[in-house]
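With mmCIF, C-alpha atoms inside, this is data_7.cif:
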data_work
#
loop_
_atom_site.label_atom_id
_atom_site.label_comp_id
_atom_site.auth_asym_id
_atom_site.auth_seq_id
_atom_site.Cartn_x
_atom_site.Cartn_y
_atom_site.Cartn_z
CA MET T 1 31.47 -11.95 25.23
CA SER T 2 28.08 -11.07 23.71
CA GLU T 3 27.19 -13.04 20.59
CA VAL T 4 26.94 -11.21 17.26
CA PHE T 5 24.74 -12.19 14.33
CA ASN T 6 26.58 -12.36 11.01
CA GLY T 7 23.67 -12.80 8.59
CA ASN T 8 22.64 -10.37 5.85
CA PHE T 9 19.12 -8.94 6.18
CA THR T 10 18.93 -7.99 2.49
CA GLN T 11 20.26 -11.21 0.95
CA GLN T 12 17.54 -13.06 -0.93
CA GLU T 13 17.60 -16.64 -2.15
CA PRO T 14 18.89 -17.15 -5.70
CA ILE T 15 16.41 -17.26 -8.55
CA PRO T 16 15.48 -20.92 -9.25
CA GLU T 17 17.44 -22.62 -12.01
CA GLU T 18 14.27 -23.32 -13.99
CA ALA T 19 13.45 -19.61 -13.93
CA ILE T 20 16.96 -18.71 -15.07
CA GLU T 21 16.69 -21.18 -17.96
CA ARG T 22 13.33 -19.76 -19.03
CA ALA T 23 14.65 -16.22 -18.80
CA VAL T 24 17.62 -17.12 -20.98
CA GLU T 25 15.26 -18.66 -23.55
CA VAL T 26 13.26 -15.44 -23.65
CA MET T 27 16.42 -13.34 -24.05
CA ARG T 28 17.67 -15.59 -26.85
CA SER T 29 14.36 -15.20 -28.64
CA GLY T 30 14.56 -11.41 -28.43
CA ARG T 31 10.79 -11.34 -27.81
CA LEU T 32 10.68 -9.57 -24.45
CA HIS T 33 7.55 -7.46 -25.04
CA ARG T 34 4.44 -9.29 -23.91
CA TYR T 35 2.70 -8.89 -27.28
CA ASN T 36 5.78 -9.73 -29.38
CA THR T 37 4.93 -13.40 -29.81
CA VAL T 38 4.70 -15.80 -32.73
CA PRO T 39 1.32 -17.25 -33.86
CA ASP T 40 -0.21 -19.71 -31.39
CA GLU T 41 2.33 -18.73 -28.70
CA PRO T 42 0.57 -17.32 -25.60
CA GLY T 43 3.73 -15.76 -24.17
CA GLU T 44 5.14 -15.90 -20.65
CA VAL T 45 3.08 -12.96 -19.33
CA ALA T 46 -0.26 -14.36 -20.46
CA LEU T 47 0.62 -17.73 -18.95
CA LEU T 48 1.69 -16.12 -15.66
CA GLU T 49 -1.64 -14.26 -15.48
CA GLU T 50 -3.57 -17.45 -16.11
CA GLU T 51 -1.60 -19.37 -13.49
CA PHE T 52 -1.81 -16.65 -10.84
CA ALA T 53 -5.56 -16.34 -11.44
CA GLY T 54 -5.83 -20.06 -10.81
CA LEU T 55 -3.75 -19.81 -7.64
CA THR T 56 -5.96 -17.08 -6.15
CA GLY T 57 -9.27 -18.30 -7.55
CA ALA T 58 -9.84 -15.08 -9.49
CA PRO T 59 -11.27 -15.16 -13.02
CA TYR T 60 -9.19 -12.19 -14.17
CA CYS T 61 -5.53 -11.30 -13.67
CA LEU T 62 -3.20 -8.66 -15.12
CA ALA T 63 0.61 -8.60 -14.78
CA VAL T 64 2.18 -5.15 -14.59
CA ALA T 65 5.52 -3.40 -14.16
CA SER T 66 5.41 -2.87 -10.39
CA GLY T 67 3.25 -3.13 -7.30
CA GLY T 68 2.96 0.66 -7.26
CA TYR T 69 1.70 0.66 -10.84
CA ALA T 70 -0.85 -1.99 -9.83
CA LEU T 71 -2.22 0.35 -7.14
CA GLY T 72 -2.43 3.31 -9.50
CA CYS T 73 -4.04 1.23 -12.23
CA ALA T 74 -6.67 -0.05 -9.79
CA LEU T 75 -7.45 3.48 -8.59
CA ARG T 76 -7.89 4.73 -12.15
CA ALA T 77 -10.07 1.73 -13.01
CA VAL T 78 -12.53 2.48 -10.20
CA GLY T 79 -12.69 6.10 -11.30
CA VAL T 80 -10.55 7.95 -8.75
CA GLY T 81 -9.54 11.32 -10.15
CA PRO T 82 -8.33 14.77 -9.12
CA GLY T 83 -9.65 15.86 -5.74
CA ASP T 84 -11.32 12.55 -4.88
CA PRO T 85 -10.77 11.43 -1.27
CA VAL T 86 -9.48 7.89 -0.80
CA LEU T 87 -9.29 6.18 2.58
CA THR T 88 -6.12 4.30 3.48
CA ASN T 89 -4.13 3.13 6.49
CA ALA T 90 -2.06 5.70 8.36
CA PHE T 91 0.51 2.93 8.93
CA THR T 92 1.75 1.81 5.52
CA LEU T 93 4.62 2.43 3.14
CA ALA T 94 4.87 5.57 1.01
CA PRO T 95 3.84 3.94 -2.33
CA VAL T 96 0.28 3.51 -1.03
CA PRO T 97 -0.60 7.16 -0.32
CA GLY T 98 1.77 7.96 -3.20
CA ALA T 99 -0.42 6.03 -5.64
CA ILE T 100 -3.47 7.98 -4.44
CA ALA T 101 -1.69 11.32 -4.80
CA ALA T 102 -0.30 10.35 -8.22
CA VAL T 103 -3.80 10.04 -9.71
CA GLY T 104 -4.81 13.34 -8.11
CA GLY T 105 -6.66 11.80 -5.18
CA LYS T 106 -6.56 12.98 -1.56
CA PRO T 107 -5.37 10.39 0.98
CA VAL T 108 -7.65 10.26 4.04
CA LEU T 109 -5.66 8.40 6.67
CA VAL T 110 -7.28 5.92 9.04
CA GLU T 111 -5.82 5.14 12.48
CA VAL T 112 -3.95 1.91 13.20
CA THR T 113 -4.45 -0.39 16.18
CA ASP T 114 -1.67 -1.70 18.42
CA GLN T 115 -2.03 -4.95 16.45
CA LEU T 116 -0.90 -2.99 13.35
CA THR T 117 -4.16 -3.29 11.45
CA ILE T 118 -6.55 -0.58 10.31
CA ASP T 119 -8.76 0.73 13.13
CA LEU T 120 -12.26 -0.38 12.14
CA ASP T 121 -13.98 2.15 14.42
CA ASP T 122 -12.05 5.01 12.85
CA LEU T 123 -12.73 3.55 9.41
CA ALA T 124 -16.48 3.47 10.08
CA ALA T 125 -16.34 7.08 11.30
CA LYS T 126 -14.44 8.28 8.22
CA ALA T 127 -16.20 6.09 5.64
CA PRO T 128 -18.77 8.75 4.67
CA GLN T 129 -15.89 10.96 3.47
CA ALA T 130 -14.95 8.72 0.52
CA ARG T 131 -16.19 6.07 -1.87
CA VAL T 132 -12.92 4.09 -2.13
CA LEU T 133 -10.75 2.38 0.49
CA MET T 134 -7.22 1.36 -0.45
CA LEU T 135 -6.58 -1.17 2.32
CA SER T 136 -2.93 -1.86 3.07
CA HIS T 137 -2.17 -5.22 4.68
CA MET T 138 0.93 -3.55 6.03
CA ARG T 139 3.80 -5.85 6.94
CA GLY T 140 1.50 -8.83 6.44
CA HIS T 141 -1.04 -8.01 9.17
CA ILE T 142 -4.62 -8.69 8.09
CA CYS T 143 -7.52 -7.08 9.93
CA ASP T 144 -10.91 -8.74 10.53
CA MET T 145 -11.89 -8.81 6.85
CA ASP T 146 -15.45 -9.91 7.57
CA ALA T 147 -16.01 -6.85 9.76
CA LEU T 148 -14.22 -4.56 7.32
CA MET T 149 -16.29 -5.72 4.35
CA GLU T 150 -19.47 -5.19 6.37
CA ILE T 151 -18.40 -1.56 6.92
CA ALA T 152 -17.65 -1.31 3.19
CA ARG T 153 -21.10 -2.61 2.26
CA THR T 154 -22.82 -0.31 4.74
CA HIS T 155 -21.06 2.77 3.34
CA ASP T 156 -20.86 1.63 -0.30
CA LEU T 157 -17.05 1.66 -0.26
CA THR T 158 -15.11 0.04 -3.07
CA VAL T 159 -12.19 -1.84 -1.51
CA ILE T 160 -8.82 -2.16 -3.22
CA GLU T 161 -6.47 -4.48 -1.31
CA ASP T 162 -2.75 -3.74 -1.24
CA CYS T 163 -1.35 -7.25 -0.83
CA ALA T 164 2.33 -6.42 -1.30
CA HIS T 165 3.06 -8.18 2.02
CA THR T 166 0.33 -10.85 1.95
CA MET T 167 0.76 -12.91 -1.22
CA GLY T 168 0.06 -16.44 0.01
CA ALA T 169 -1.82 -15.26 3.12
CA ALA T 170 -5.54 -15.56 3.87
CA TRP T 171 -8.31 -14.47 6.20
CA GLY T 172 -10.88 -17.11 7.11
CA GLY T 173 -9.57 -19.31 4.32
CA VAL T 174 -10.08 -16.62 1.66
CA PRO T 175 -6.82 -15.58 -0.04
CA SER T 176 -5.63 -12.06 0.63
CA GLY T 177 -6.73 -9.87 -2.25
CA ARG T 178 -9.98 -11.73 -2.81
CA HIS T 179 -12.24 -9.89 -0.36
CA GLY T 180 -12.36 -6.51 -2.08
CA ALA T 181 -13.11 -5.47 -5.65
CA ILE T 182 -9.42 -5.59 -6.66
CA GLY T 183 -6.33 -7.20 -5.18
CA CYS T 184 -2.87 -5.80 -5.96
CA TYR T 185 0.39 -7.69 -5.38
CA SER T 186 4.08 -6.89 -5.73
CA THR T 187 6.92 -9.05 -7.03
CA GLN T 188 9.66 -6.62 -6.00
CA THR T 189 12.83 -8.27 -4.68
CA TYR T 190 11.78 -8.21 -1.00
CA LYS T 191 8.32 -9.67 -1.65
CA HIS T 192 7.10 -13.26 -1.78
CA MET T 193 8.00 -13.81 -5.43
CA ASN T 194 11.04 -12.04 -6.83
CA SER T 195 11.37 -10.47 -10.27
CA GLY T 196 13.22 -7.36 -9.11
CA GLU T 197 10.15 -5.26 -9.87
CA GLY T 198 6.69 -6.33 -10.95
CA GLY T 199 3.06 -6.53 -9.92
CA LEU T 200 -0.09 -8.59 -10.33
CA ILE T 201 -3.74 -7.53 -10.14
CA VAL T 202 -6.79 -9.77 -9.67
CA THR T 203 -10.51 -9.06 -9.77
CA ASP T 204 -13.89 -10.74 -10.26
CA ASP T 205 -15.28 -7.72 -12.09
CA ALA T 206 -15.12 -8.03 -15.89
CA GLU T 207 -15.43 -4.30 -16.55
CA LEU T 208 -12.73 -3.40 -14.03
CA ALA T 209 -10.46 -6.08 -15.53
CA ALA T 210 -11.01 -4.73 -19.03
CA ARG T 211 -10.32 -1.16 -17.92
CA MET T 212 -7.06 -2.18 -16.25
CA ILE T 213 -5.90 -4.17 -19.28
CA LEU T 214 -6.57 -1.17 -21.51
CA LEU T 215 -4.92 1.19 -19.04
CA SER T 216 -1.82 -1.00 -18.91
CA GLY T 217 -1.24 -0.46 -22.63
CA SER T 218 -2.81 -3.36 -24.51
CA TYR T 219 -2.97 -1.43 -27.83
CA MET T 220 -6.17 -3.25 -28.79
CA LEU T 221 -4.36 -6.58 -28.40
CA TYR T 222 -6.53 -7.58 -25.44
CA GLU T 223 -7.66 -10.77 -27.18
CA ARG T 224 -4.16 -12.14 -26.53
CA HIS T 225 -4.87 -12.19 -22.79
CA ARG T 226 -6.00 -15.50 -21.33
CA ALA T 227 -7.15 -14.47 -17.82
CA ALA T 228 -9.30 -11.68 -19.25
CA PRO T 229 -12.95 -10.87 -19.98
CA ARG T 230 -14.56 -11.67 -23.31
CA PRO T 231 -13.66 -9.27 -26.18
CA GLU T 232 -17.11 -7.69 -26.18
CA VAL T 233 -16.52 -6.30 -22.66
CA PHE T 234 -13.77 -4.10 -24.11
CA GLU T 235 -15.93 -2.66 -26.87
CA GLY T 236 -17.64 -0.03 -24.75
CA LEU T 237 -14.40 0.96 -23.01
CA LYS T 238 -11.57 0.92 -25.52
CA TYR T 239 -12.12 4.41 -26.97
CA ASP T 240 -12.38 6.20 -23.63
CA THR T 241 -9.70 4.48 -21.54
CA PRO T 242 -6.27 6.14 -21.69
CA ASN T 243 -3.09 4.15 -22.25
CA VAL T 244 -0.92 4.48 -19.12
CA SER T 245 1.62 1.87 -20.17
CA GLY T 246 2.82 -0.35 -17.37
CA ARG T 247 2.85 -3.86 -18.79
CA MET T 248 5.00 -6.67 -17.43
CA ASP T 249 7.48 -8.10 -19.93
CA ASN T 250 8.10 -11.73 -20.84
CA LEU T 251 11.49 -11.76 -19.13
CA ARG T 252 10.09 -11.01 -15.69
CA ALA T 253 7.15 -13.34 -16.22
CA ALA T 254 9.57 -16.14 -17.14
CA ILE T 255 11.41 -15.53 -13.86
CA LEU T 256 8.16 -15.59 -11.87
CA ARG T 257 6.29 -18.56 -13.30
CA PRO T 258 8.54 -21.26 -11.74
CA GLN T 259 8.20 -19.50 -8.39
CA LEU T 260 4.41 -19.93 -8.28
CA PRO T 261 4.35 -23.69 -7.51
CA THR T 262 6.83 -23.20 -4.66
CA LEU T 263 5.04 -20.26 -3.00
CA ALA T 264 3.36 -22.47 -0.37
CA ASP T 265 6.74 -23.95 0.58
CA ARG T 266 8.24 -20.48 1.02
CA VAL T 267 5.27 -19.41 3.12
CA ALA T 268 5.84 -22.43 5.41
CA ARG T 269 9.54 -21.62 5.75
CA TRP T 270 8.82 -17.97 6.57
CA SER T 271 6.31 -19.10 9.17
CA ALA T 272 8.96 -21.29 10.80
CA LEU T 273 11.35 -18.33 11.05
CA TYR T 274 8.61 -16.08 12.41
CA ARG T 275 7.56 -18.61 15.06
CA GLU T 276 11.18 -19.07 16.14
CA ILE T 277 11.61 -15.33 16.70
CA GLU T 278 8.25 -15.14 18.46
CA ALA T 279 9.04 -18.08 20.76
CA GLY T 280 12.37 -16.50 21.67
CA LEU T 281 10.73 -13.20 22.67
CA VAL T 282 7.68 -14.47 24.56
CA GLY T 283 7.76 -13.06 28.08
CA ALA T 284 10.78 -10.84 27.42
CA GLU T 285 10.79 -7.85 29.73
CA GLY T 286 9.78 -4.64 27.95
CA ILE T 287 8.79 -6.29 24.65
CA ALA T 288 5.18 -6.35 23.40
CA LEU T 289 4.47 -8.88 20.67
CA ILE T 290 1.79 -8.60 17.99
CA GLU T 291 -1.04 -11.10 18.40
CA ARG T 292 -2.04 -13.04 15.28
CA PRO T 293 -5.79 -13.83 15.11
CA GLU T 294 -6.86 -17.43 14.61
CA ALA T 295 -8.64 -16.55 11.34
CA GLU T 296 -5.45 -15.13 9.86
CA SER T 297 -3.10 -17.31 7.82
CA TYR T 298 -0.08 -15.05 7.59
CA VAL T 299 3.25 -14.99 5.79
CA GLY T 300 6.00 -14.23 8.29
CA SER T 301 8.46 -12.56 5.93
CA SER T 302 9.04 -9.80 8.47
CA PHE T 303 8.64 -9.49 12.23
CA GLN T 304 7.34 -6.55 14.28
CA PHE T 305 7.35 -5.84 18.00
CA ARG T 306 6.97 -2.82 20.28
CA LEU T 307 8.91 -1.44 23.21
CA PRO T 308 6.12 0.32 25.14
CA GLY T 309 7.07 3.26 27.30
CA ARG T 310 10.43 3.97 25.66
CA SER T 311 11.32 7.50 24.61
CA ALA T 312 12.67 8.44 21.18
CA PRO T 313 16.30 8.53 22.43
CA GLU T 314 15.79 5.13 24.06
CA MET T 315 14.41 3.70 20.81
CA LEU T 316 17.39 5.03 18.86
CA ASP T 317 19.73 3.56 21.45
CA PHE T 318 18.06 0.14 21.23
CA VAL T 319 18.31 0.16 17.43
CA ALA T 320 22.00 1.12 17.65
CA ARG T 321 22.80 -1.57 20.23
CA ALA T 322 21.04 -4.22 18.13
CA ALA T 323 22.94 -3.07 15.03
CA ALA T 324 26.23 -3.34 16.89
CA ARG T 325 25.39 -7.00 17.40
CA GLY T 326 24.45 -7.55 13.75
CA VAL T 327 20.65 -7.21 13.95
CA GLU T 328 19.17 -4.62 11.58
CA LEU T 329 15.98 -3.02 12.86
CA LYS T 330 13.76 -0.36 11.37
CA TRP T 331 12.00 2.11 13.67
CA PHE T 332 8.73 3.51 12.35
CA GLY T 333 8.66 6.40 14.83
CA ALA T 334 11.65 8.33 13.47
CA ASP T 335 11.12 12.01 12.58
CA GLU T 336 12.89 11.63 9.23
CA PRO T 337 12.20 8.96 6.59
CA ALA T 338 15.02 6.45 6.15
CA GLY T 339 15.21 3.98 3.28
CA PHE T 340 11.88 2.18 2.92
CA THR T 341 10.59 3.44 6.27
CA SER T 342 8.59 6.63 6.71
CA ARG T 343 5.89 8.08 8.95
CA HIS T 344 2.64 9.64 7.73
CA ASP T 345 3.73 13.21 8.51
CA SER T 346 6.57 12.89 5.99
CA TRP T 347 4.09 12.33 3.12
CA ARG T 348 3.68 16.02 2.46
CA TYR T 349 1.76 15.42 -0.76
CA ALA T 350 -1.06 14.41 1.60
CA GLU T 351 -2.82 16.87 3.85
CA ALA T 352 -1.52 16.75 7.44
CA GLN T 353 -3.91 14.80 9.66
CA ASN T 354 -4.31 14.28 13.40
CA LEU T 355 -3.62 10.61 14.18
CA PRO T 356 -2.75 10.29 17.87
CA ARG T 357 -3.32 6.53 18.13
CA THR T 358 -1.13 5.81 15.12
CA ASP T 359 1.57 8.14 16.41
CA ALA T 360 1.56 6.32 19.76
CA VAL T 361 1.90 2.91 18.08
CA LEU T 362 4.65 3.98 15.67
CA ALA T 363 6.63 5.69 18.43
CA THR T 364 7.74 2.31 19.83
CA LEU T 365 7.35 0.02 16.79
CA LEU T 366 10.31 -1.96 15.44
CA ASP T 367 10.57 -4.15 12.38
CA LEU T 368 13.04 -6.64 10.92
CA ARG T 369 13.14 -8.57 7.69
CA LEU T 370 13.32 -12.38 7.73
CA PRO T 371 14.91 -13.44 4.44
CA LEU T 372 14.74 -17.11 3.56
CA THR T 373 18.52 -17.21 3.52
CA PHE T 374 18.20 -17.36 7.34
CA SER T 375 17.84 -20.66 9.20
CA THR T 376 15.72 -21.28 12.29
CA ASP T 377 19.00 -21.30 14.26
CA ASP T 378 19.66 -17.80 12.88
CA ALA T 379 16.18 -16.72 13.98
CA ALA T 380 16.75 -18.11 17.46
CA GLN T 381 20.04 -16.21 17.73
CA ILE T 382 18.37 -12.96 16.59
CA ALA T 383 15.70 -13.45 19.26
CA ARG T 384 18.33 -14.03 21.95
CA ILE T 385 20.13 -10.82 21.00
CA LEU T 386 16.93 -8.78 20.99
CA ARG T 387 15.83 -10.25 24.30
CA GLU T 388 19.17 -9.49 25.93
CA GLU T 389 19.20 -5.91 24.69
CA ALA T 390 15.60 -5.34 25.78
CA GLU T 391 16.37 -6.59 29.27
CA VAL T 392 19.50 -4.46 29.77
#

I need this file expressed as structure tokens, please.
Amino acid sequence: MSEVFNGNFTQQEPIPEEAIERAVEVMRSGRLHRYNTVPDEPGEVALLEEEFAGLTGAPYCLAVASGGYALGCALRAVGVGPGDPVLTNAFTLAPVPGAIAAVGGKPVLVEVTDQLTIDLDDLAAKAPQARVLMLSHMRGHICDMDALMEIARTHDLTVIEDCAHTMGAAWGGVPSGRHGAIGCYSTQTYKHMNSGEGGLIVTDDAELAARMILLSGSYMLYERHRAAPRPEVFEGLKYDTPNVSGRMDNLRAAILRPQLPTLADRVARWSALYREIEAGLVGAEGIALIERPEAESYVGSSFQFRLPGRSAPEMLDFVARAAARGVELKWFGADEPAGFTSRHDSWRYAEAQNLPRTDAVLATLLDLRLPLTFSTDDAAQIARILREEAEV
């Protein structure tokens, strides 16, 4: 009888006890708003910003309500407005082009390679159309950042990095989010730190940092920020920057701060799960794996592979057969969006664009989450099931 996997692909690890205790302390105080603090108390949000800045090596950090808000805040800070074209990956999740559309911008989609990273040749060809690139490190795959930043310098592109899937990852030893002008991270439940919803933004640019702090709704209380520019940087900006409130609260920051010191351990555990799946699928008939470049230090919180040559009905059949054996897969080539998964032609707030290479990649691309509630034995069993179904 064929083995069946009994794990839950949406079950996360519990919040650490220290984080629960801190959250309870905040709730007992009643001071959940980030600026509702007593004298000489920095507050959980300001401390989280300072600590995350230290982790990434950035001088400035802002904690916000969600990863999507982080993207929108970054776009506003660099001056994207109605009608402005913004380059972004054709293979990403809907909040990325959604953030561009929400500020009135026009997403200009760039092809994806079969290694799931932005196509640098297509980027170079389309670069003259825009002044901003919102680069999505989709599903944790990082492109050649040295080559990408050279294209950005050549075409005077401002790069905003969407690091929702790459917190804790790096390219060439440089943390993800630290190559471009702004790095945006998510702390939504399925990301690498969990506060349900939340986001973090880092930058080296004092003016951009000040704009984003004002945008987030600082109410002229910016001097209470610790990972922030000097007060004088705000003076020339505070009267002309709108308040688009999206602050993080002290409750979520209290939940996140104890997770920071253990991020590296979680990254190592995800990598072990990823490698176990990869080892179990190497050489499997009909399965194409995604190569990981030597310069990339990745976080294996999800796993992608392709089934080249399969038709849409065959892809649906494979997904159904895997599900019958307990393995939940997402197919990025489906005509209709489902849950978190959608294809570029379903983002109808963006102008329809011809993307044959992306369409070919997505047509046979499958994805599965690897929650840390799984063991390496679980990962090995998942790989066996996938291998067996691929070789039927």

Resolved residues for the PyMOL selection byres ((chain T and resi 223-231) around 7) as a list in words: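 Going through the file, the PyMOL selection byres ((chain T and resi 223-231) around 7) ends up selecting Ala46, Glu49, Glu50, Ala53, Pro59, Tyr60, Cys61, Ala206, Ala209, Ala210, Leu221, Tyr222, Glu232, Val233 and Phe234 of chain T.
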
Restrict the selected residues to C-alpha atoms and save them as a PDB file, keeping the file's coordinate frame.
ATOM      1  CA  ALA T  46      -0.260 -14.360 -20.460  1.00  0.00           C
ATOM      2  CA  GLU T  49      -1.640 -14.260 -15.480  1.00  0.00           C
ATOM      3  CA  GLU T  50      -3.570 -17.450 -16.110  1.00  0.00           C
ATOM      4  CA  ALA T  53      -5.560 -16.340 -11.440  1.00  0.00           C
ATOM      5  CA  PRO T  59     -11.270 -15.160 -13.020  1.00  0.00           C
ATOM      6  CA  TYR T  60      -9.190 -12.190 -14.170  1.00  0.00           C
ATOM      7  CA  CYS T  61      -5.530 -11.300 -13.670  1.00  0.00           C
ATOM      8  CA  ALA T 206     -15.120  -8.030 -15.890  1.00  0.00           C
ATOM      9  CA  ALA T 209     -10.460  -6.080 -15.530  1.00  0.00           C
ATOM     10  CA  ALA T 210     -11.010  -4.730 -19.030  1.00  0.00           C
ATOM     11  CA  LEU T 221      -4.360  -6.580 -28.400  1.00  0.00           C
ATOM     12  CA  TYR T 222      -6.530  -7.580 -25.440  1.00  0.00           C
ATOM     13  CA  GLU T 232     -17.110  -7.690 -26.180  1.00  0.00           C
ATOM     14  CA  VAL T 233     -16.520  -6.300 -22.660  1.00  0.00           C
ATOM     15  CA  PHE T 234     -13.770  -4.100 -24.110  1.00  0.00           C
TER      16      PHE T 234
END

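With only C-alpha atoms taken into account, the protein and nucleic acid residues at most 7 Å from T:Phe305 (excluding it and anything under 5 positions from it in its own chain) are Ile287, Ala288, Leu289, Ile290, Leu365, Leu366 and Asp367 of chain T.
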
Which neighbours of T:Arg369 fall inside 12 Å, counting all atoms listed in the file, when residues of the same chain fewer than 4 positions from it are skipped, and could you give them as a VMD selection string? chain T and resid 7 to 12 139 to 140 165 190 to 191 270 273 to 274 277 299 to 304 327 to 330 340 373 to 374 379 382

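What separates atom CA of T:Leu260 from atom CA of T:Glu207 is a distance of 26.6 Å.
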
If you take only C-alpha atoms and a cut-off of 12 Å, which residues of stretch 173-214 of chain T touch stretch 112-133 of chain T, and what are their nearest atom pairs and distances in Å to one decimal, in chain and number order, as JSON lines?
{"residue": "T:Gly180", "atom": "CA", "partner": "T:Leu133", "partner_atom": "CA", "distance": 9.4}
{"residue": "T:Ala181", "atom": "CA", "partner": "T:Val132", "partner_atom": "CA", "distance": 10.2}
{"residue": "T:Ile182", "atom": "CA", "partner": "T:Leu133", "partner_atom": "CA", "distance": 10.8}
{"residue": "T:Gly183", "atom": "CA", "partner": "T:Leu133", "partner_atom": "CA", "distance": 12.0}

Name the residues in contact with T:Gly67 at a cut-off of 12 Å, using only C-alpha atoms, excluding same-chain residues fewer than 4 positions from it; report them as a count of residues only. 38

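Atom CA of T:Tyr239 is positioned 25.5 Å from atom CA of T:Ala101.
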
Test item: axis-aligned box, all listed atoms of stretch 211-225 of chain T, 3 Å on each side, centre and edges in Å rounded to one decimal, as JSON:
{"center_x": -5.8, "center_y": -5.5, "center_z": -22.5, "size_x": 15.1, "size_y": 19.4, "size_z": 18.5}

Using the chain letters and numbering of this document, enumerate as an MDAnalysis selection string the residues selected by the PyMOL selection byres ((chain T and resi 351) around 12). chainID T and resid 83 85 97 101 105:109 344:350 352:354

A straight line from atom CA of T:Ala272 to atom CA of T:Ala170 spans 17.1 Å
